[in-house]
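Undergrad: File my_file.tsv below, TSV, C-alpha atoms:
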```
chain	number	residue	atom	x	y	z
A	1	MET	CA	103.66	220.69	-1.48
A	2	ALA	CA	100.83	218.38	-2.60
A	3	SER	CA	100.27	217.69	-6.25
A	4	SER	CA	97.42	219.65	-7.87
A	5	SER	CA	96.03	216.31	-9.06
A	6	LEU	CA	95.25	215.60	-5.38
A	7	SER	CA	93.52	218.92	-4.73
A	8	PRO	CA	89.77	218.25	-4.61
A	9	ALA	CA	86.97	220.35	-6.03
A	10	TYR	CA	83.72	220.29	-4.08
A	11	ALA	CA	81.37	218.86	-6.69
A	12	TYR	CA	78.04	217.69	-5.23
A	13	THR	CA	75.71	217.96	-2.31
A	14	VAL	CA	73.33	215.00	-2.51
A	15	LEU	CA	69.96	215.22	-0.80
A	16	TYR	CA	68.20	211.92	-0.08
A	17	VAL	CA	64.50	212.46	-0.73
A	18	LYS	CA	61.26	210.49	-1.01
A	19	ASP	CA	60.45	211.61	-4.57
A	20	VAL	CA	63.31	212.81	-6.79
A	21	ALA	CA	61.17	214.31	-9.58
A	22	GLN	CA	58.96	216.17	-7.08
A	23	SER	CA	62.00	217.51	-5.21
A	24	VAL	CA	63.76	218.65	-8.39
A	25	ALA	CA	60.63	220.49	-9.56
A	26	PHE	CA	60.05	222.02	-6.11
A	27	TYR	CA	63.62	223.30	-5.67
A	28	ALA	CA	63.63	224.73	-9.20
A	29	LYS	CA	60.37	226.60	-8.68
A	30	ALA	CA	60.67	227.57	-5.02
A	31	PHE	CA	64.34	228.60	-4.99
A	32	GLY	CA	64.97	229.65	-8.60
A	33	TYR	CA	67.32	226.96	-9.86
A	34	SER	CA	67.44	225.50	-13.37
A	35	VAL	CA	67.12	221.75	-13.79
A	36	ARG	CA	70.31	220.30	-15.24
A	37	ARG	CA	69.20	216.68	-15.35
A	38	LEU	CA	66.44	214.32	-14.27
A	39	ASP	CA	67.11	210.78	-15.42
A	40	GLU	CA	64.32	208.67	-16.90
A	41	SER	CA	64.22	206.37	-13.87
A	42	HIS	CA	63.66	209.40	-11.58
A	43	ARG	CA	66.41	208.04	-9.32
A	44	TRP	CA	68.78	210.96	-9.91
A	45	GLY	CA	68.25	214.66	-10.51
A	46	GLU	CA	70.52	217.70	-10.60
A	47	LEU	CA	70.11	221.46	-10.41
A	48	GLU	CA	72.41	224.11	-11.86
A	49	SER	CA	73.86	225.97	-8.88
A	50	GLY	CA	77.23	227.33	-9.93
A	51	HIS	CA	80.40	225.38	-9.17
A	52	THR	CA	78.67	222.86	-6.91
A	53	THR	CA	75.77	220.69	-8.06
A	54	ILE	CA	72.70	220.11	-5.92
A	55	ALA	CA	71.70	216.51	-6.57
A	56	PHE	CA	68.72	214.41	-5.45
A	57	THR	CA	68.44	210.66	-5.06
A	58	PRO	CA	65.92	208.37	-3.34
A	59	ILE	CA	66.23	207.71	0.39
A	60	HIS	CA	66.70	204.01	-0.33
A	61	GLN	CA	68.91	202.81	-3.16
A	62	HIS	CA	69.80	199.21	-3.70
A	63	GLU	CA	73.17	200.35	-5.13
A	64	THR	CA	74.35	202.02	-1.91
A	65	ASP	CA	72.23	200.95	1.09
A	66	GLY	CA	74.26	197.76	1.59
A	67	LEU	CA	77.54	199.50	0.82
A	68	THR	CA	77.35	202.70	2.88
A	69	ALA	CA	74.37	201.92	5.18
A	70	ALA	CA	70.73	202.94	4.96
A	71	VAL	CA	69.58	206.55	5.18
A	72	HIS	CA	66.98	207.12	7.88
A	73	ALA	CA	64.20	209.65	7.43
A	74	THR	CA	62.90	211.69	10.33
A	75	ARG	CA	60.02	210.15	12.26
A	76	SER	CA	58.17	213.29	13.33
A	77	LYS	CA	57.92	217.02	12.72
A	78	GLN	CA	59.90	217.48	15.95
A	79	GLU	CA	62.97	215.98	14.22
A	80	ARG	CA	64.96	217.14	11.22
A	81	PRO	CA	67.61	215.58	9.02
A	82	PRO	CA	71.21	216.27	10.09
A	83	VAL	CA	71.80	218.64	7.19
A	84	GLU	CA	70.92	222.23	6.40
A	85	VAL	CA	71.07	223.66	2.90
A	86	CYS	CA	71.97	227.35	2.62
A	87	PHE	CA	71.13	229.58	-0.34
A	88	VAL	CA	72.31	233.19	-0.60
A	89	TYR	CA	70.18	235.88	-2.27
A	90	PRO	CA	70.56	239.64	-2.78
A	91	ASP	CA	66.86	240.05	-1.77
A	92	VAL	CA	66.17	237.54	1.00
A	93	ASP	CA	62.62	238.77	1.62
A	94	ALA	CA	61.57	238.30	-2.02
A	95	ALA	CA	63.27	234.89	-2.23
A	96	TYR	CA	61.63	233.76	1.03
A	97	LYS	CA	58.21	234.90	-0.21
A	98	ARG	CA	58.65	233.00	-3.51
A	99	ALA	CA	59.71	229.84	-1.66
A	100	VAL	CA	56.68	229.89	0.65
A	101	GLU	CA	54.31	230.70	-2.23
A	102	ASN	CA	55.67	227.62	-4.03
A	103	GLY	CA	55.20	225.14	-1.20
A	104	ALA	CA	58.09	225.65	1.22
A	105	VAL	CA	56.98	225.48	4.85
A	106	SER	CA	57.82	228.64	6.80
A	107	VAL	CA	60.03	228.06	9.83
A	108	SER	CA	61.24	231.59	10.55
A	109	VAL	CA	60.72	234.81	8.56
A	110	PRO	CA	63.86	236.65	7.47
A	111	GLU	CA	65.48	238.79	10.15
A	112	VAL	CA	68.85	240.44	10.61
A	113	LYS	CA	71.09	238.36	12.89
A	114	GLU	CA	73.66	239.76	15.32
A	115	TRP	CA	76.46	239.01	12.83
A	116	GLY	CA	74.78	241.24	10.22
A	117	GLN	CA	73.31	238.59	7.93
A	118	LYS	CA	69.61	238.59	7.04
A	119	VAL	CA	68.36	235.01	7.43
A	120	GLY	CA	65.05	233.17	7.08
A	121	TYR	CA	64.33	229.45	7.30
A	122	VAL	CA	61.94	227.14	5.45
A	123	ARG	CA	61.52	223.35	5.16
A	124	ASP	CA	60.89	221.24	2.12
A	125	PHE	CA	58.38	218.35	2.16
A	126	ASP	CA	61.12	215.92	3.25
A	127	GLY	CA	61.78	218.04	6.34
A	128	ILE	CA	65.11	219.40	5.07
A	129	VAL	CA	65.78	222.86	6.49
A	130	ILE	CA	66.78	225.53	3.97
A	131	ARG	CA	68.48	228.66	5.25
A	132	MET	CA	67.88	231.62	2.97
A	133	GLY	CA	70.30	234.43	3.69
A	134	SER	CA	72.17	237.45	2.48
A	135	HIS	CA	75.91	237.49	1.98
A	136	VAL	CA	77.81	237.90	5.23
A	137	LYS	CA	79.86	241.07	5.22
A	138	PRO	CA	83.52	240.32	5.92
A	139	ALA	CA	84.75	241.38	9.35
A	140	LYS	CA	86.95	244.46	9.41
A	141	LEU	CA	90.53	243.69	10.37
A	142	ASP	CA	92.20	246.17	12.67
```
Give the structure from this file in structure tokens form.
TA:
Amino acid sequence: MASSSLSPAYAYTVLYVKDVAQSVAFYAKAFGYSVRRLDESHRWGELESGHTTIAFTPIHQHETDGLTAAVHATRSKQERPPVEVCFVYPDVDAAYKRAVENGAVSVSVPEVKEWGQKVGYVRDFDGIVIRMGSHVKPAKLD
């Protein structure tokens, strides 16, 4: 059995954005998160989101571009970044409405999917797709 000191905890999802301060403010207002931190340089921001932190950093960083490679932004509205952020709400319709009223771009209004989850989609101003959904009911075991 592996040592508990080697068992990871999922800590951060980092979104690479054009404007960290703008993204932190937008996600707080549109999706209902509290701002945990926005550093003075505006090169790092965090939202309170439970056990996992949603963090924001600029698309290009001199600290990491040469180390891990450059992040490439989408070139048109026909493309999207290879990430989707999912937020779960008890009232998907109300959450979707608030997001759109606060600047999120509507992609698809909430609807009940075949697996029983109510889901709607919006985009932020960096083109990141946000899925807004209800909790998925566990499947019944026979």
Undergrad: Do a neighbour search on segment 93-100 of chain A at 8 Å with only C-alpha atoms, toss out local chain neighbours closer than 2 positions, and write the hits as a VMD selection string.
TA: chain A and resid 29 to 31 89 91 102 to 106 109 to 110 120 122 132
Undergrad: For a quick check of your reading of the model, name the residues lying within 10 Å of the coordinate (75.1, 226.1, 2.8), counting all atoms listed in the file, and write them as a PyMOL selection string.
TA: chain A and resi 13+83-88+130-133
Undergrad: With C-alpha atoms retained, export the selected residues as a compact mmCIF listing (two decimals), in the coordinates of the input.
TA:
```txt
# COMPACT_ATOMS: atom_id res chain seq x y z
CA THR A 13 75.71 217.96 -2.31
CA VAL A 83 71.80 218.64 7.19
CA GLU A 84 70.92 222.23 6.40
CA VAL A 85 71.07 223.66 2.90
CA CYS A 86 71.97 227.35 2.62
CA PHE A 87 71.13 229.58 -0.34
CA VAL A 88 72.31 233.19 -0.60
CA ILE A 130 66.78 225.53 3.97
CA ARG A 131 68.48 228.66 5.25
CA MET A 132 67.88 231.62 2.97
CA GLY A 133 70.30 234.43 3.69
```
Undergrad: Write out as a list in words the residues lying within 7 Å of segment 32-46 of chain A, counting only C-alpha atoms and excluding same-chain residues fewer than 4 positions away.
TA: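 Close residues of segment 32-46 of chain A: Val20, Ala21, Val24, Tyr27, Ala28, Thr53, Ile54, Ala55, Phe56, Thr57 and Pro58 of chain A.
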Undergrad: How would the residues just chosen look if you wrote them out with C-alpha atoms as an mmCIF file, keeping the file's coordinate frame?
TA:
```cif
data_model
loop_
_atom_site.group_PDB
_atom_site.id
_atom_site.type_symbol
_atom_site.label_atom_id
_atom_site.label_comp_id
_atom_site.auth_asym_id
_atom_site.auth_seq_id
_atom_site.Cartn_x
_atom_site.Cartn_y
_atom_site.Cartn_z
ATOM 1 C CA VAL A 20 63.310 212.810 -6.790
ATOM 2 C CA ALA A 21 61.170 214.310 -9.580
ATOM 3 C CA VAL A 24 63.760 218.650 -8.390
ATOM 4 C CA TYR A 27 63.620 223.300 -5.670
ATOM 5 C CA ALA A 28 63.630 224.730 -9.200
ATOM 6 C CA THR A 53 75.770 220.690 -8.060
ATOM 7 C CA ILE A 54 72.700 220.110 -5.920
ATOM 8 C CA ALA A 55 71.700 216.510 -6.570
ATOM 9 C CA PHE A 56 68.720 214.410 -5.450
ATOM 10 C CA THR A 57 68.440 210.660 -5.060
ATOM 11 C CA PRO A 58 65.920 208.370 -3.340
#
```
Undergrad: Any idea what's packed within 6 Å of Thr52 of chain A, counting all atoms listed in the file, ignoring anything in its chain fewer than 2 positions away? Could you give it as a short mmCIF file (atom, residue, chain, number, x, y, z; two decimals) with C-alpha atoms, in the frame of the given file?
TA:
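The new file selection-v9.cif reads:
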```cif
data_model
loop_
_atom_site.label_atom_id
_atom_site.label_comp_id
_atom_site.auth_asym_id
_atom_site.auth_seq_id
_atom_site.Cartn_x
_atom_site.Cartn_y
_atom_site.Cartn_z
CA ALA A 11 81.37 218.86 -6.69
CA TYR A 12 78.04 217.69 -5.23
CA GLY A 50 77.23 227.33 -9.93
#
```
